[in-house]
Amino acid sequence: MTENKIIKVLDDIWTFGHEPTDEERLAANKAIALIQELEQYRAIGTVEECREARERQRVKKPVKDEYDHKCCPNCGWVVYKDEWGGRYLTHCENCGQAISWGGGEE
């Protein structure tokens, strides 16, 4: 049974036979509120997706590839090469990893 179906059943509970008690009404309203809150959390993403996004916000030094280009340490996307005229990216354009051009990993 989906959350929407549960909400509908709980919302309509008193139309199927008896007037709900205050306790039943309170329990149904609380269940509806909890399900709606759960749906909001699901819209944000899974815990793993949130952890991955947080990790990409931590600045990391670029790594060099076989052509001596500086690349994203997360996905390997080129974040600097001389042909660009010295354009240093602060974030990887491919995965969003924050890039540090300072003296070390921050």
# chains A, B, ... in the order shown; residues from 1 in each chain; ligands from 1
>>> residues_around(residues="region 54-69 of chain A", least_positions_apart="2", cutoff="12 Å", atoms="only C-alpha atoms", output="PyMOL selection string")
chain A and resi 47-52+71-84+86+88-106
>>> select_by_dssp(residues="region 8-77 of chain A", states="alpha helix (DSSP H)", output="PyMOL selection string")
chain A and resi 8-11+22-44+47-57
>>> write_last_selection(atoms="N, CA and C atoms", output="tab-separated table (two decimals), in the first residue's frame")
chain	number	residue	atom	x	y	z
A	8	LYS	N	-5.16	8.43	2.36
A	8	LYS	CA	-6.57	8.46	1.98
A	8	LYS	C	-7.40	7.63	2.94
A	9	VAL	N	-6.94	6.43	3.26
A	9	VAL	CA	-7.68	5.56	4.17
A	9	VAL	C	-7.80	6.20	5.54
A	10	LEU	N	-6.69	6.74	6.05
A	10	LEU	CA	-6.72	7.37	7.36
A	10	LEU	C	-7.57	8.63	7.36
A	11	ASP	N	-7.49	9.38	6.28
A	11	ASP	CA	-8.27	10.61	6.16
A	11	ASP	C	-9.77	10.31	6.13
A	22	ASP	N	-11.67	10.69	19.72
A	22	ASP	CA	-10.63	11.71	19.67
A	22	ASP	C	-9.25	11.07	19.55
A	23	GLU	N	-9.07	9.95	20.24
A	23	GLU	CA	-7.79	9.25	20.18
A	23	GLU	C	-7.53	8.69	18.77
A	24	GLU	N	-8.53	8.11	18.13
A	24	GLU	CA	-8.38	7.59	16.76
A	24	GLU	C	-8.10	8.73	15.78
A	25	ARG	N	-8.82	9.83	15.95
A	25	ARG	CA	-8.62	10.98	15.07
A	25	ARG	C	-7.19	11.54	15.24
A	26	LEU	N	-6.74	11.64	16.48
A	26	LEU	CA	-5.39	12.12	16.76
A	26	LEU	C	-4.35	11.19	16.15
A	27	ALA	N	-4.55	9.88	16.32
A	27	ALA	CA	-3.62	8.90	15.77
A	27	ALA	C	-3.59	8.97	14.25
A	28	ALA	N	-4.75	9.10	13.62
A	28	ALA	CA	-4.81	9.19	12.16
A	28	ALA	C	-4.12	10.46	11.67
A	29	ASN	N	-4.36	11.57	12.34
A	29	ASN	CA	-3.73	12.84	11.94
A	29	ASN	C	-2.21	12.78	12.12
A	30	LYS	N	-1.77	12.15	13.20
A	30	LYS	CA	-0.33	11.99	13.45
A	30	LYS	C	0.30	11.10	12.38
A	31	ALA	N	-0.38	10.01	12.03
A	31	ALA	CA	0.14	9.11	10.99
A	31	ALA	C	0.24	9.84	9.66
A	32	ILE	N	-0.78	10.63	9.32
A	32	ILE	CA	-0.75	11.40	8.07
A	32	ILE	C	0.43	12.37	8.09
A	33	ALA	N	0.63	13.07	9.20
A	33	ALA	CA	1.74	14.03	9.31
A	33	ALA	C	3.09	13.32	9.17
A	34	LEU	N	3.24	12.16	9.78
A	34	LEU	CA	4.49	11.41	9.70
A	34	LEU	C	4.77	10.93	8.28
A	35	ILE	N	3.74	10.47	7.59
A	35	ILE	CA	3.90	10.00	6.21
A	35	ILE	C	4.29	11.18	5.31
A	36	GLN	N	3.66	12.32	5.51
A	36	GLN	CA	3.99	13.50	4.70
A	36	GLN	C	5.43	13.95	4.96
A	37	GLU	N	5.87	13.89	6.22
A	37	GLU	CA	7.25	14.23	6.55
A	37	GLU	C	8.21	13.26	5.89
A	38	LEU	N	7.88	11.97	5.92
A	38	LEU	CA	8.71	10.96	5.27
A	38	LEU	C	8.84	11.24	3.78
A	39	GLU	N	7.77	11.63	3.13
A	39	GLU	CA	7.81	11.95	1.70
A	39	GLU	C	8.74	13.12	1.42
A	40	GLN	N	8.77	14.11	2.32
A	40	GLN	CA	9.67	15.24	2.14
A	40	GLN	C	11.13	14.79	2.24
A	41	TYR	N	11.43	13.91	3.20
A	41	TYR	CA	12.79	13.39	3.33
A	41	TYR	C	13.18	12.58	2.10
A	42	ARG	N	12.27	11.80	1.58
A	42	ARG	CA	12.57	10.99	0.39
A	42	ARG	C	12.86	11.89	-0.81
A	43	ALA	N	12.20	13.05	-0.88
A	43	ALA	CA	12.43	13.97	-1.99
A	43	ALA	C	13.86	14.54	-1.95
A	44	ILE	N	14.43	14.65	-0.76
A	44	ILE	CA	15.79	15.16	-0.60
A	44	ILE	C	16.80	14.16	-1.15
A	47	VAL	N	20.20	8.67	2.32
A	47	VAL	CA	21.30	9.03	3.21
A	47	VAL	C	22.63	8.94	2.45
A	48	GLU	N	22.77	7.92	1.63
A	48	GLU	CA	24.01	7.75	0.86
A	48	GLU	C	24.21	8.91	-0.12
A	49	GLU	N	23.14	9.34	-0.79
A	49	GLU	CA	23.24	10.46	-1.72
A	49	GLU	C	23.62	11.74	-0.99
A	50	CYS	N	23.07	11.96	0.18
A	50	CYS	CA	23.41	13.14	0.98
A	50	CYS	C	24.87	13.09	1.42
A	51	ARG	N	25.35	11.91	1.82
A	51	ARG	CA	26.76	11.77	2.23
A	51	ARG	C	27.69	12.04	1.05
A	52	GLU	N	27.35	11.53	-0.12
A	52	GLU	CA	28.17	11.76	-1.31
A	52	GLU	C	28.23	13.24	-1.65
A	53	ALA	N	27.10	13.93	-1.57
A	53	ALA	CA	27.06	15.36	-1.86
A	53	ALA	C	27.90	16.14	-0.85
A	54	ARG	N	27.80	15.75	0.41
A	54	ARG	CA	28.60	16.43	1.46
A	54	ARG	C	30.08	16.21	1.22
A	55	GLU	N	30.46	15.00	0.84
A	55	GLU	CA	31.86	14.70	0.57
A	55	GLU	C	32.40	15.54	-0.59
A	56	ARG	N	31.58	15.77	-1.61
A	56	ARG	CA	32.01	16.59	-2.75
A	56	ARG	C	32.19	18.05	-2.37
A	57	GLN	N	31.60	18.48	-1.27
A	57	GLN	CA	31.77	19.86	-0.81
A	57	GLN	C	33.11	20.07	-0.11
